[in-house]
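S.K.: Here it is, the structure, as structure tokens.
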Amino acid sequence: MVVKSLLPSTTEKHKGVRRIEREKGRESKMNKLSGGTASCAGWVGIIIATATHDWVRTCEYTVTTCLRMDELGSRGLWAECVISPSLYHCVTLTQILTLPAYIQVCRALMVFACLTGLPALGLVMMSMPCVRLEEEIPASKRRRAMVGGTLLFVTAICGLVSTIWFPIGAHQEEGLMSFGPSLYAGWVGSVLCLLGSFMILYTCCNNPSAIEQRQDNSCYYYSREAGGAATPISAAATIGVSAMTSSCRP
């Protein structure tokens with residue numbers, strides 16, 4: 001069996017394709033790392049917003065008048081506080097059945113976002129290029145990244161719905177004066193989780209390793225036997241036969 005040598009132009013073409021795929025691979029790794037870092041910071045912001053009480057501040061008069069009259073109020077998911085120059089007193093909202101519907105729903109959504117963020121980040125971290133498990137294939141790492149990115153997207157949506165609905169409900173129930181720092185932390189955390197999930201899912205949908213594998217599998221070379229027709233053989237078989245042929249030559 002005589003194997004035809006590859007043309008120089010074909011070899012250079014495959015080298016160019018390999019070079020482009022390696023550049024895409026590096027870009028994919030950077031996107032995944034950036035998305036994981038942004039999602040982790042966003043999840044921390046959502047936890048801070050959930051645990052603190054300064055979501056909105058309410059006042060029926062001006063700020064100076066409310067501070068003088070001790071009527072400047074601060075409200076969160078779990079407590080209502082009274083703010084004055086010499087007093088900061090909070091009352092825990094323990095009467096669940098008498099709470100407005102928007103507070104109960106926002107509580108549930110924020111708690112759900114905090115709980116889903118942990119396994120989502122765990123899956124994303126396990127799919128990072130620097131983490132390698134024994135006998136792991138790239139497809140399993142890609143599936144973990146897809147599931148983690150989807151959970152992060154759900155986490156971001158829950159955070160955004162809560163942080164947008166809560167001030168609207170507080171304004172309808174009582175006069176809303178300004179937004180608190182806890183609400184800003186929830187907004188920033190939700191946006192970071194949303195951005196991170198988009199980066200991770202985009203990286204999974206444009207996986208260069210899968211493209212490279214398809215190209216390798218679709219690459220065939222032809223060999224011609226003496227007096228016979230040309231038959232296609234795979235690249236791996238061609239490399240093996242070429243090595244055997246070159247080693248048998250004097």
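Following the order of the structure tokens, chains are lettered A, B, ..., residues in each are numbered from 1, and ligands are numbered from 1.
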Just want the 10 Å neighbourhood of region 81-97 of chain A, counted on only C-alpha atoms, with same-chain residues fewer than 5 positions away dropped. Output as a PyMOL selection string.

M.R.: chain A and resi 53-54+57-58+66-76+103-104

S.K.: Output N, CA and C atoms for every residue in the selection just made, as a short mmCIF file (atom, residue, chain, number, x, y, z; two decimals), in the first residue's frame.

M.R.:
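What follows is the written file out21.cif:
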```
data_model
loop_
_atom_site.label_atom_id
_atom_site.label_comp_id
_atom_site.auth_asym_id
_atom_site.auth_seq_id
_atom_site.Cartn_x
_atom_site.Cartn_y
_atom_site.Cartn_z
N HIS A 53 -31.11 45.41 56.04
CA HIS A 53 -32.47 45.95 56.16
C HIS A 53 -32.67 47.29 55.46
N ASP A 54 -31.63 47.89 54.92
CA ASP A 54 -31.76 49.23 54.37
C ASP A 54 -32.04 49.17 52.87
N ARG A 57 -35.97 53.90 52.03
CA ARG A 57 -36.18 54.84 53.11
C ARG A 57 -37.44 55.64 52.84
N THR A 58 -38.26 55.70 53.85
CA THR A 58 -39.57 56.34 53.72
C THR A 58 -39.63 57.57 54.60
N CYS A 66 -37.96 65.03 58.99
CA CYS A 66 -38.13 63.64 59.43
C CYS A 66 -37.08 63.26 60.47
N LEU A 67 -35.83 63.72 60.29
CA LEU A 67 -34.81 63.43 61.27
C LEU A 67 -35.09 64.12 62.60
N ARG A 68 -35.61 65.34 62.55
CA ARG A 68 -35.93 66.05 63.78
C ARG A 68 -37.10 65.40 64.49
N MET A 69 -38.05 64.87 63.73
CA MET A 69 -39.23 64.26 64.32
C MET A 69 -39.10 62.74 64.49
N ASP A 70 -37.93 62.24 64.22
CA ASP A 70 -37.69 60.79 64.33
C ASP A 70 -38.69 59.98 63.49
N GLU A 71 -38.94 60.42 62.26
CA GLU A 71 -39.89 59.74 61.40
C GLU A 71 -39.23 59.20 60.13
N LEU A 72 -37.93 59.22 60.07
CA LEU A 72 -37.24 58.66 58.90
C LEU A 72 -37.17 57.14 59.06
N GLY A 73 -37.83 56.44 58.17
CA GLY A 73 -37.91 54.99 58.29
C GLY A 73 -37.07 54.28 57.24
N SER A 74 -36.60 53.11 57.60
CA SER A 74 -35.84 52.25 56.70
C SER A 74 -36.49 50.87 56.72
N ARG A 75 -36.70 50.32 55.55
CA ARG A 75 -37.40 49.04 55.46
C ARG A 75 -36.60 48.06 54.61
N GLY A 76 -36.61 46.83 55.06
CA GLY A 76 -35.98 45.74 54.32
C GLY A 76 -36.90 44.54 54.27
N ILE A 103 -43.68 41.78 50.00
CA ILE A 103 -42.59 41.44 50.91
C ILE A 103 -42.39 39.93 50.97
N GLN A 104 -43.48 39.18 51.06
CA GLN A 104 -43.38 37.73 51.13
C GLN A 104 -42.78 37.15 49.85
#
```

S.K.: Once DSSP has gone over the backbone, tell me which residues of region 49-229 of chain A are in strand (DSSP E), as a list in words.

M.R.: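 Matching residues for strand (DSSP E) in region 49-229 of chain A are Val56, Arg57, Thr58, Leu72, Gly73, Ser74, Arg75, Ala79, Glu80, Cys81, Val82, Ile83, Ser84, Leu87, Tyr88, His89, Cys90, Val91, Thr92, Leu176, Met177, Ser178, Phe179, Tyr220, Tyr221, Tyr222, Ser223 and Arg224 of chain A.
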
S.K.: Find the distance between CA of Leu183 (chain A) and CA of Val154 (chain A) and write it in Å to one decimal.

M.R.: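 According to the coordinates, CA of Leu183 (chain A) and CA of Val154 (chain A) are separated by 18.7 Å.
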
S.K.: Interatomic distance between CA of Thr163 (chain A) and CA of Leu121 (chain A)?

M.R.: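 Going from CA of Thr163 (chain A) over to CA of Leu121 (chain A) covers 21.5 Å.
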
S.K.: I'd like to know which residues of region 132-162 of chain A are alpha helix (DSSP H) (by DSSP, run on the backbone); could you write them as a list in words?

M.R.: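 For region 132-162 of chain A, the alpha helix (DSSP H) set is Pro138, Ala139, Ser140, Lys141, Arg142, Arg143, Arg144, Ala145, Met146, Val147, Gly148, Gly149, Thr150, Leu151, Leu152, Phe153, Val154, Thr155, Ala156, Ile157, Cys158, Gly159, Leu160, Val161 and Ser162 of chain A.
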
S.K.: Would you give me, as a Markdown table, each residue of region 90-179 of chain A having an atom within 12 Å of an atom of region 201-206 of chain A, along with its shortest atom pair and that distance in Å to one decimal, using only C-alpha atoms and sorting by chain and residue number?

M.R.:
```
| residue | atom | partner | partner_atom | distance |
| --- | --- | --- | --- | --- |
| A:Val124 | CA | A:Leu201 | CA | 10.5 |
| A:Ser127 | CA | A:Cys204 | CA | 10.5 |
| A:Met128 | CA | A:Thr203 | CA | 11.5 |
| A:Pro138 | CA | A:Cys204 | CA | 10.9 |
| A:Ala139 | CA | A:Cys204 | CA | 10.0 |
| A:Ser140 | CA | A:Cys204 | CA | 11.5 |
| A:Lys141 | CA | A:Cys204 | CA | 9.7 |
| A:Arg142 | CA | A:Cys204 | CA | 6.2 |
| A:Arg143 | CA | A:Cys204 | CA | 8.3 |
| A:Arg144 | CA | A:Cys204 | CA | 9.8 |
| A:Ala145 | CA | A:Cys204 | CA | 7.0 |
| A:Met146 | CA | A:Leu201 | CA | 6.0 |
| A:Val147 | CA | A:Leu201 | CA | 9.0 |
| A:Gly148 | CA | A:Leu201 | CA | 8.9 |
| A:Gly149 | CA | A:Leu201 | CA | 5.7 |
| A:Thr150 | CA | A:Leu201 | CA | 7.6 |
| A:Leu151 | CA | A:Leu201 | CA | 10.7 |
| A:Leu152 | CA | A:Leu201 | CA | 10.0 |
| A:Phe153 | CA | A:Leu201 | CA | 9.5 |
```

S.K.: Could you turn the residues from that selection into a file that holds all heavy atoms, as a compact mmCIF listing (two decimals), in the first residue's frame?

M.R.:
```
# COMPACT_ATOMS: atom_id res chain seq x y z
N VAL A 124 -19.88 25.77 38.03
CA VAL A 124 -19.04 26.60 37.16
C VAL A 124 -17.57 26.43 37.52
O VAL A 124 -16.70 26.33 36.64
CB VAL A 124 -19.48 28.07 37.27
CG1 VAL A 124 -18.48 28.98 36.57
CG2 VAL A 124 -20.85 28.26 36.65
N SER A 127 -16.08 23.34 36.18
CA SER A 127 -15.90 23.32 34.73
C SER A 127 -14.78 24.24 34.26
O SER A 127 -14.59 24.40 33.06
CB SER A 127 -17.21 23.75 34.05
OG SER A 127 -17.53 25.10 34.35
N MET A 128 -14.05 24.86 35.19
CA MET A 128 -12.96 25.74 34.81
C MET A 128 -11.82 24.95 34.18
O MET A 128 -11.61 23.77 34.49
CB MET A 128 -12.45 26.51 36.04
CG MET A 128 -13.41 27.56 36.55
SD MET A 128 -13.64 28.86 35.34
CE MET A 128 -14.93 29.82 36.11
N PRO A 138 -14.17 16.35 27.78
CA PRO A 138 -14.60 17.75 27.66
C PRO A 138 -16.11 17.93 27.62
O PRO A 138 -16.62 18.97 28.04
CB PRO A 138 -13.95 18.19 26.33
CG PRO A 138 -12.79 17.27 26.15
CD PRO A 138 -13.22 15.96 26.73
N ALA A 139 -16.83 16.93 27.14
CA ALA A 139 -18.29 17.08 27.06
C ALA A 139 -18.92 17.18 28.45
O ALA A 139 -19.87 17.96 28.65
CB ALA A 139 -18.88 15.89 26.30
N SER A 140 -18.43 16.44 29.42
CA SER A 140 -18.98 16.51 30.77
C SER A 140 -18.70 17.86 31.41
O SER A 140 -19.54 18.43 32.11
CB SER A 140 -18.40 15.39 31.63
OG SER A 140 -16.99 15.51 31.74
N LYS A 141 -17.51 18.41 31.18
CA LYS A 141 -17.20 19.75 31.70
C LYS A 141 -18.08 20.80 31.06
O LYS A 141 -18.52 21.75 31.72
CB LYS A 141 -15.72 20.05 31.46
CG LYS A 141 -15.24 21.36 32.03
CD LYS A 141 -13.74 21.50 31.94
CE LYS A 141 -13.05 20.57 32.94
NZ LYS A 141 -11.60 20.87 33.05
N ARG A 142 -18.37 20.65 29.78
CA ARG A 142 -19.25 21.59 29.09
C ARG A 142 -20.67 21.51 29.63
O ARG A 142 -21.34 22.53 29.79
CB ARG A 142 -19.23 21.30 27.59
CG ARG A 142 -20.11 22.22 26.76
CD ARG A 142 -19.92 21.96 25.27
NE ARG A 142 -20.80 22.76 24.47
CZ ARG A 142 -22.02 22.40 24.09
NH1 ARG A 142 -22.48 21.21 24.47
NH2 ARG A 142 -22.76 23.18 23.36
N ARG A 143 -21.14 20.30 29.95
CA ARG A 143 -22.49 20.16 30.50
C ARG A 143 -22.58 20.80 31.88
O ARG A 143 -23.59 21.43 32.20
CB ARG A 143 -22.86 18.67 30.57
CG ARG A 143 -23.24 18.07 29.23
CD ARG A 143 -23.91 16.71 29.43
NE ARG A 143 -22.99 15.74 30.01
CZ ARG A 143 -22.25 14.92 29.30
NH1 ARG A 143 -22.28 14.95 27.98
NH2 ARG A 143 -21.45 14.04 29.91
N ARG A 144 -21.55 20.66 32.69
CA ARG A 144 -21.56 21.31 34.00
C ARG A 144 -21.60 22.83 33.86
O ARG A 144 -22.31 23.50 34.61
CB ARG A 144 -20.33 20.88 34.81
CG ARG A 144 -20.44 19.51 35.41
CD ARG A 144 -19.43 19.34 36.53
NE ARG A 144 -18.06 19.46 36.04
CZ ARG A 144 -17.33 18.45 35.64
NH1 ARG A 144 -17.83 17.21 35.66
NH2 ARG A 144 -16.09 18.62 35.23
N ALA A 145 -20.85 23.34 32.91
CA ALA A 145 -20.87 24.79 32.69
C ALA A 145 -22.24 25.27 32.22
O ALA A 145 -22.72 26.33 32.63
CB ALA A 145 -19.79 25.18 31.68
N MET A 146 -22.90 24.48 31.38
CA MET A 146 -24.23 24.84 30.90
C MET A 146 -25.23 24.87 32.04
O MET A 146 -26.02 25.82 32.18
CB MET A 146 -24.69 23.85 29.83
CG MET A 146 -23.99 24.00 28.49
SD MET A 146 -24.57 25.43 27.56
CE MET A 146 -26.24 24.90 27.17
N VAL A 147 -25.22 23.85 32.90
CA VAL A 147 -26.15 23.81 34.03
C VAL A 147 -25.85 24.94 35.01
O VAL A 147 -26.76 25.63 35.49
CB VAL A 147 -26.08 22.44 34.72
CG1 VAL A 147 -26.95 22.43 35.97
CG2 VAL A 147 -26.51 21.34 33.78
N GLY A 148 -24.56 25.18 35.30
CA GLY A 148 -24.20 26.26 36.20
C GLY A 148 -24.59 27.63 35.66
O GLY A 148 -25.10 28.48 36.40
N GLY A 149 -24.36 27.86 34.37
CA GLY A 149 -24.77 29.13 33.77
C GLY A 149 -26.27 29.34 33.78
O GLY A 149 -26.75 30.45 34.00
N THR A 150 -27.03 28.26 33.57
CA THR A 150 -28.49 28.38 33.62
C THR A 150 -28.98 28.71 35.02
O THR A 150 -29.86 29.54 35.22
CB THR A 150 -29.13 27.07 33.13
OG1 THR A 150 -28.63 26.76 31.82
CG2 THR A 150 -30.64 27.19 33.08
N LEU A 151 -28.39 28.06 36.04
CA LEU A 151 -28.77 28.37 37.42
C LEU A 151 -28.40 29.80 37.80
O LEU A 151 -29.15 30.48 38.52
CB LEU A 151 -28.10 27.38 38.37
CG LEU A 151 -28.62 25.94 38.34
CD1 LEU A 151 -27.82 25.06 39.29
CD2 LEU A 151 -30.10 25.90 38.71
N LEU A 152 -27.27 30.27 37.31
CA LEU A 152 -26.89 31.67 37.57
C LEU A 152 -27.85 32.64 36.90
O LEU A 152 -28.15 33.71 37.45
CB LEU A 152 -25.46 31.92 37.09
CG LEU A 152 -24.35 31.34 37.95
CD1 LEU A 152 -23.01 31.51 37.27
CD2 LEU A 152 -24.34 32.00 39.32
N PHE A 153 -28.33 32.28 35.73
CA PHE A 153 -29.32 33.13 35.07
C PHE A 153 -30.61 33.20 35.88
O PHE A 153 -31.21 34.28 36.04
CB PHE A 153 -29.60 32.58 33.66
CG PHE A 153 -30.64 33.35 32.90
CD1 PHE A 153 -30.32 34.55 32.30
CD2 PHE A 153 -31.93 32.86 32.77
CE1 PHE A 153 -31.27 35.27 31.60
CE2 PHE A 153 -32.88 33.57 32.07
CZ PHE A 153 -32.56 34.78 31.47
```
